[in-house]
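Written out below as structure tokens is the structure these notes cover.
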Amino acid sequence: MSDRTPPARPAAGSARRLFATPESRIVLVAACVITILGILIGGYFYGAYLSARDLGGRDVTIEELRSENQKQKRRIDEFSAQLTSLQAKLAGVQGALDAIMPQANTYNISANQSLIVGDGRLTIGLVGSPANESITLDINGRPQVASAGQVIAVAPDPATNCQVQVQSFDMFKAVVTATCAGAKAK
């Protein structure tokens, strides 16, 4: 035979014998505990890294939203100012339109002027300039003294009833409302 002999193989039961001693079991348990603690600590730091990265993105998003919010507030303020301006213009235009085209059956009568109103059934004129508390209206040829808010009933013919109401007056004009309707059957 030769001088060279193959190395001896450990027997199959030798691995069991290796961990069979209490010292080797403690080493094995310690290695497992250290491995588990290493995984936990590594997982903790990796989670902290991921959350910090997400927080950074969140902070950037919050700043973007704040700047967008401020832009929108400025736009709202601009629109509010435009709306206020347009409402003022509308009020002015409405006032001008009302002066040109007064409400139905409402008439502005200047001093010593007469108008035919009530579907042609009444002739109303303002006699002289208005006084402090009353005016003199000529309604179908009959003078009537009236104050603001007073209603004057007029019957131009037996089949028609008309009402003339003094809305307001000043030194230069009077505003009256005149309406006529057919007489009610009794």
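Within each chain, counting starts at residue 1; across the structure tokens, chains are named A, B, ... in the order shown, with ligands numbered 1 upward in that order.
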- Task: Would you list, as a ChimeraX atom specification, the residues of segment 44-145 of chain A that end up in helix (DSSP H, G or I) under DSSP run on this structure's backbone?
- Result: /A:44-100
Mind dumping the selected residues with C-alpha atoms as a JSON list (two decimals), in the first residue's frame?
[["chain", "number", "residue", "atom", "x", "y", "z"],
["A", 44, "TYR", "CA", -35.40, 49.62, 11.87],
["A", 45, "PHE", "CA", -32.75, 51.80, 10.23],
["A", 46, "TYR", "CA", -33.98, 50.94, 6.75],
["A", 47, "GLY", "CA", -37.56, 51.86, 7.78],
["A", 48, "ALA", "CA", -36.30, 55.13, 9.28],
["A", 49, "TYR", "CA", -34.48, 55.86, 6.02],
["A", 50, "LEU", "CA", -37.61, 55.17, 3.96],
["A", 51, "SER", "CA", -39.84, 57.26, 6.21],
["A", 52, "ALA", "CA", -37.35, 60.16, 6.16],
["A", 53, "ARG", "CA", -37.28, 59.97, 2.38],
["A", 54, "ASP", "CA", -41.10, 59.97, 2.28],
["A", 55, "LEU", "CA", -41.22, 62.89, 4.74],
["A", 56, "GLY", "CA", -38.91, 64.86, 2.48],
["A", 57, "GLY", "CA", -41.30, 64.31, -0.41],
["A", 58, "ARG", "CA", -44.21, 65.24, 1.82],
["A", 59, "ASP", "CA", -42.54, 68.50, 2.85],
["A", 60, "VAL", "CA", -41.93, 69.41, -0.79],
["A", 61, "THR", "CA", -45.56, 68.61, -1.62],
["A", 62, "ILE", "CA", -46.79, 70.71, 1.32],
["A", 63, "GLU", "CA", -44.72, 73.69, 0.16],
["A", 64, "GLU", "CA", -46.05, 73.33, -3.38],
["A", 65, "LEU", "CA", -49.62, 73.19, -2.06],
["A", 66, "ARG", "CA", -49.05, 76.25, 0.13],
["A", 67, "SER", "CA", -47.76, 78.28, -2.81],
["A", 68, "GLU", "CA", -50.68, 77.09, -4.96],
["A", 69, "ASN", "CA", -53.08, 77.99, -2.15],
["A", 70, "GLN", "CA", -51.62, 81.51, -1.96],
["A", 71, "LYS", "CA", -51.97, 81.90, -5.75],
["A", 72, "GLN", "CA", -55.60, 80.81, -5.55],
["A", 73, "LYS", "CA", -56.28, 83.25, -2.70],
["A", 74, "ARG", "CA", -54.79, 86.07, -4.77],
["A", 75, "ARG", "CA", -56.99, 85.07, -7.72],
["A", 76, "ILE", "CA", -60.05, 84.99, -5.46],
["A", 77, "ASP", "CA", -59.19, 88.46, -4.16],
["A", 78, "GLU", "CA", -58.78, 89.73, -7.73],
["A", 79, "PHE", "CA", -62.10, 88.20, -8.77],
["A", 80, "SER", "CA", -63.78, 89.66, -5.69],
["A", 81, "ALA", "CA", -62.45, 93.12, -6.57],
["A", 82, "GLN", "CA", -63.65, 92.68, -10.16],
["A", 83, "LEU", "CA", -67.05, 91.52, -8.93],
["A", 84, "THR", "CA", -67.37, 94.55, -6.65],
["A", 85, "SER", "CA", -66.40, 96.84, -9.52],
["A", 86, "LEU", "CA", -68.88, 95.18, -11.88],
["A", 87, "GLN", "CA", -71.65, 95.39, -9.28],
["A", 88, "ALA", "CA", -71.00, 99.12, -8.89],
["A", 89, "LYS", "CA", -71.10, 99.55, -12.67],
["A", 90, "LEU", "CA", -74.31, 97.52, -12.87],
["A", 91, "ALA", "CA", -75.93, 99.67, -10.20],
["A", 92, "GLY", "CA", -74.96, 102.80, -12.16],
["A", 93, "VAL", "CA", -76.26, 101.36, -15.44],
["A", 94, "GLN", "CA", -79.47, 100.20, -13.74],
["A", 95, "GLY", "CA", -79.97, 103.71, -12.33],
["A", 96, "ALA", "CA", -79.44, 105.23, -15.77],
["A", 97, "LEU", "CA", -81.81, 102.70, -17.33],
["A", 98, "ASP", "CA", -84.47, 103.42, -14.69],
["A", 99, "ALA", "CA", -84.12, 107.14, -15.41],
["A", 100, "ILE", "CA", -84.60, 106.52, -19.13]]
Q) What lies within 7 Å of Gly118 of chain A using only C-alpha atoms, ignoring chain neighbours under 3 positions off, as an MDAnalysis selection string? A) chainID A and resid 121:122 178:180
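Take the candidates A:Ala146, A:Ala174, A:Val29, A:Ile124 and check each one against Ala111 of chain A using only C-alpha atoms; the shortest distance goes to A:Ala174.
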Among A:Lys173, A:Gln103, A:Cys162, A:Ala155, Leu137 of chain A is approached most closely, using only C-alpha atoms, by A:Lys173
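With distances restricted to only C-alpha atoms, A:Val164 is the closest residue to Ser147 of chain A from A:Val164, A:Cys32, A:Ile26, A:Ala159.
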What separates atom CA of Ser134 of chain A and atom CA of Leu115 of chain A is a distance of 19.3 Å
Min atom-atom distance to Thr177 of chain A from the set A:Leu28, A:Ile139, A:Val145, A:Ala104, counting only C-alpha atoms, belongs to A:Ala104
